[in-house]
$ cat data.cif   # mmCIF, C-alpha atoms
data_input
loop_
_atom_site.group_PDB
_atom_site.id
_atom_site.type_symbol
_atom_site.label_atom_id
_atom_site.label_comp_id
_atom_site.auth_asym_id
_atom_site.auth_seq_id
_atom_site.Cartn_x
_atom_site.Cartn_y
_atom_site.Cartn_z
ATOM 1 C CA MET A 1 22.637 69.523 3.479
ATOM 2 C CA GLU A 2 26.303 68.651 3.771
ATOM 3 C CA GLU A 3 28.435 69.957 6.637
ATOM 4 C CA HIS A 4 30.458 72.329 4.428
ATOM 5 C CA GLU A 5 27.207 73.769 3.041
ATOM 6 C CA LYS A 6 25.972 74.440 6.578
ATOM 7 C CA GLU A 7 29.245 76.142 7.454
ATOM 8 C CA LEU A 8 29.033 78.342 4.355
ATOM 9 C CA LEU A 9 25.426 79.224 5.143
ATOM 10 C CA ASN A 10 26.400 80.185 8.703
ATOM 11 C CA TYR A 11 29.332 82.246 7.462
ATOM 12 C CA LEU A 12 27.272 84.170 4.919
ATOM 13 C CA THR A 13 24.460 84.650 7.451
ATOM 14 C CA PHE A 14 27.020 86.206 9.797
ATOM 15 C CA PHE A 15 27.662 88.863 7.146
ATOM 16 C CA GLU A 16 23.923 89.493 6.791
ATOM 17 C CA SER A 17 24.099 90.679 10.417
ATOM 18 C CA MET A 18 27.222 92.724 9.730
ATOM 19 C CA TYR A 19 25.330 94.610 7.013
ATOM 20 C CA HIS A 20 22.639 95.628 9.505
ATOM 21 C CA MET A 21 25.257 96.680 12.031
ATOM 22 C CA THR A 22 26.962 98.941 9.488
ATOM 23 C CA GLU A 23 23.634 100.435 8.434
ATOM 24 C CA ASP A 24 22.642 101.116 12.044
ATOM 25 C CA GLY A 25 25.986 102.784 12.776
ATOM 26 C CA LEU A 26 27.038 100.108 15.255
ATOM 27 C CA LEU A 27 30.001 98.978 13.176
ATOM 28 C CA LYS A 28 32.292 101.080 11.014
ATOM 29 C CA MET A 29 33.266 99.830 7.590
ATOM 30 C CA GLU A 30 36.874 100.526 8.530
ATOM 31 C CA THR A 31 36.653 98.056 11.423
ATOM 32 C CA LEU A 32 34.746 95.457 9.416
ATOM 33 C CA ASP A 33 37.266 95.710 6.590
ATOM 34 C CA GLU A 34 40.211 95.387 8.933
ATOM 35 C CA LEU A 35 38.768 92.274 10.569
ATOM 36 C CA PHE A 36 37.134 90.479 7.640
ATOM 37 C CA GLY A 37 37.793 92.303 4.356
ATOM 38 C CA ARG A 38 40.144 89.872 2.711
ATOM 39 C CA ARG A 39 38.266 86.759 3.863
ATOM 40 C CA PHE A 40 34.862 88.110 2.827
ATOM 41 C CA MET A 41 36.091 89.063 -0.645
ATOM 42 C CA ILE A 42 37.781 85.682 -1.106
ATOM 43 C CA VAL A 43 34.629 83.773 -0.123
ATOM 44 C CA VAL A 44 32.196 85.744 -2.263
ATOM 45 C CA SER A 45 34.687 85.706 -5.167
ATOM 46 C CA ASN A 46 34.942 81.929 -5.133
ATOM 47 C CA LYS A 47 33.282 80.637 -8.320
ATOM 48 C CA LYS A 48 32.148 77.432 -6.664
ATOM 49 C CA VAL A 49 30.500 79.382 -3.825
ATOM 50 C CA GLN A 50 28.807 81.594 -6.394
ATOM 51 C CA GLU A 51 27.603 78.753 -8.593
ATOM 52 C CA THR A 52 26.426 76.426 -5.849
ATOM 53 C CA ASP A 53 24.901 78.921 -3.447
ATOM 54 C CA LEU A 54 25.419 82.677 -3.606
ATOM 55 C CA VAL A 55 24.086 83.490 -7.081
ATOM 56 C CA LYS A 56 21.792 80.492 -7.207
ATOM 57 C CA ASN A 57 20.064 81.613 -3.987
ATOM 58 C CA ALA A 58 20.486 85.375 -4.428
ATOM 59 C CA ALA A 59 17.059 86.167 -2.974
ATOM 60 C CA HIS A 60 18.176 84.670 0.343
ATOM 61 C CA TYR A 61 21.384 86.713 0.429
ATOM 62 C CA GLU A 62 20.031 90.193 -0.259
ATOM 63 C CA ASN A 63 22.003 91.775 2.584
ATOM 64 C CA VAL A 64 25.195 89.973 1.574
ATOM 65 C CA PHE A 65 24.858 91.563 -1.864
ATOM 66 C CA LYS A 66 24.115 94.958 -0.317
ATOM 67 C CA LEU A 67 27.123 94.585 1.975
ATOM 68 C CA TYR A 68 29.281 93.569 -0.968
ATOM 69 C CA GLY A 69 28.269 96.714 -2.878
ATOM 70 C CA LYS A 70 28.846 98.926 0.149
ATOM 71 C CA TRP A 71 32.172 97.231 0.854
ATOM 72 C CA CYS A 72 33.412 97.643 -2.715
ATOM 73 C CA ARG A 73 32.535 101.341 -2.629
ATOM 74 C CA TYR A 74 34.375 101.694 0.702
ATOM 75 C CA ARG A 75 37.424 99.846 -0.627
ATOM 76 C CA ASP A 76 37.427 101.844 -3.870
ATOM 77 C CA GLU A 77 37.129 105.174 -2.040
ATOM 78 C CA ASN A 78 39.967 104.223 0.305
ATOM 79 C CA LYS A 79 42.149 102.652 -2.388
ATOM 80 C CA LEU A 80 42.113 99.270 -0.659
ATOM 81 C CA PHE A 81 42.284 97.038 -3.678
ATOM 82 C CA LEU A 82 42.268 93.323 -4.276
ATOM 83 C CA ASN A 83 42.654 91.517 -7.577
ATOM 84 C CA ASN A 84 45.696 93.479 -8.829
ATOM 85 C CA GLY A 85 44.248 96.871 -8.038
ATOM 86 C CA LYS A 86 40.627 96.269 -9.003
ATOM 87 C CA ASN A 87 37.559 95.743 -6.855
ATOM 88 C CA LYS A 88 35.023 96.222 -9.623
ATOM 89 C CA ASN A 89 33.766 93.043 -11.218
ATOM 90 C CA LEU A 90 35.690 91.015 -8.683
ATOM 91 C CA ILE A 91 32.802 88.594 -8.568
ATOM 92 C CA VAL A 92 30.070 87.487 -10.918
ATOM 93 C CA ALA A 93 27.650 88.165 -8.091
ATOM 94 C CA ARG A 94 28.266 91.904 -8.461
ATOM 95 C CA VAL A 95 26.180 91.777 -11.642
ATOM 96 C CA GLU A 96 23.567 89.765 -9.780
ATOM 97 C CA TYR A 97 23.644 92.325 -6.974
ATOM 98 C CA GLU A 98 23.161 95.204 -9.381
ATOM 99 C CA ASN A 99 20.240 93.425 -11.074
ATOM 100 C CA HIS A 100 18.732 92.391 -7.744
ATOM 101 C CA LYS A 101 19.037 95.930 -6.377
ATOM 102 C CA GLU A 102 16.818 97.260 -9.177
ATOM 103 C CA ASP A 103 14.106 94.727 -8.297
ATOM 104 C CA ALA A 104 13.973 95.827 -4.650
#
$ encode --input "data.cif" --output "structure tokens"
Amino acid sequence: MEEHEKELLNYLTFFESMYHMTEDGLLKMETLDELFGRRFMIVVSNKKVQETDLVKNAAHYENVFKLYGKWCRYRDENKLFLNNGKNKNLIVARVEYENHKEDA
């Protein structure tokens, strides 16, 4: 595994933990969004990240997909938009998340 792949894995794993913290009420979405919203959306929206890791290894990133869905709902409800006013379909992985969610 190359160094940049390890760094990406560590970064995405960090957000797996953030999902649990939001679910357990230890971290508010408002705080998470303020600290990491833009960066998280940019990373998971990156086509290369999706093609080489995120979608390809979706089963290993279940909580990243769940967090992404939760985060998009939060951003939509609070009118915090990226991508020229749209959060929906910001990433290909959203489709993968929706499909994966039904399998769970």
$ resolve_selection --input "data.cif" --expression "the PyMOL selection byres ((chain A and resi 31-43) around 10)" --output "ChimeraX atom specification"
/A:8,11-12,15,18-19,21-22,27-30,44-50,54,64,68,71-72,74-75,80-83,87,90-91
$ write_last_selection --input "data.cif" --atoms "C-alpha atoms" --output "CSV table (one decimal), keeping the file's coordinate frame"
chain,number,residue,atom,x,y,z
A,8,LEU,CA,29.0,78.3,4.4
A,11,TYR,CA,29.3,82.2,7.5
A,12,LEU,CA,27.3,84.2,4.9
A,15,PHE,CA,27.7,88.9,7.1
A,18,MET,CA,27.2,92.7,9.7
A,19,TYR,CA,25.3,94.6,7.0
A,21,MET,CA,25.3,96.7,12.0
A,22,THR,CA,27.0,98.9,9.5
A,27,LEU,CA,30.0,99.0,13.2
A,28,LYS,CA,32.3,101.1,11.0
A,29,MET,CA,33.3,99.8,7.6
A,30,GLU,CA,36.9,100.5,8.5
A,44,VAL,CA,32.2,85.7,-2.3
A,45,SER,CA,34.7,85.7,-5.2
A,46,ASN,CA,34.9,81.9,-5.1
A,47,LYS,CA,33.3,80.6,-8.3
A,48,LYS,CA,32.1,77.4,-6.7
A,49,VAL,CA,30.5,79.4,-3.8
A,50,GLN,CA,28.8,81.6,-6.4
A,54,LEU,CA,25.4,82.7,-3.6
A,64,VAL,CA,25.2,90.0,1.6
A,68,TYR,CA,29.3,93.6,-1.0
A,71,TRP,CA,32.2,97.2,0.9
A,72,CYS,CA,33.4,97.6,-2.7
A,74,TYR,CA,34.4,101.7,0.7
A,75,ARG,CA,37.4,99.8,-0.6
A,80,LEU,CA,42.1,99.3,-0.7
A,81,PHE,CA,42.3,97.0,-3.7
A,82,LEU,CA,42.3,93.3,-4.3
A,83,ASN,CA,42.7,91.5,-7.6
A,87,ASN,CA,37.6,95.7,-6.9
A,90,LEU,CA,35.7,91.0,-8.7
A,91,ILE,CA,32.8,88.6,-8.6
$ closest_residue --input "data.cif" --among "A:Glu7, A:Met1, A:Ser17, A:Val55" --to "Leu67 in chain A" --atoms "only C-alpha atoms"
A:Ser17
$ closest_residue --input "data.cif" --among "A:Lys79, A:His4, A:Ala58, A:Asn63" --to "Glu16 in chain A" --atoms "all atoms listed in the file"
A:Asn63
$ closest_residue --input "data.cif" --among "A:Glu77, A:Lys66, A:His20, A:Leu9" --to "Asp53 in chain A" --atoms "all atoms listed in the file"
A:Leu9
$ atom_distance --input "data.cif" --atom1 "CA of Asp24 in chain A" --atom2 "CA of Arg73 in chain A"
17.7 Å
$ atom_distance --input "data.cif" --atom1 "CA of Leu26 in chain A" --atom2 "CA of Asn10 in chain A"
21.0 Å
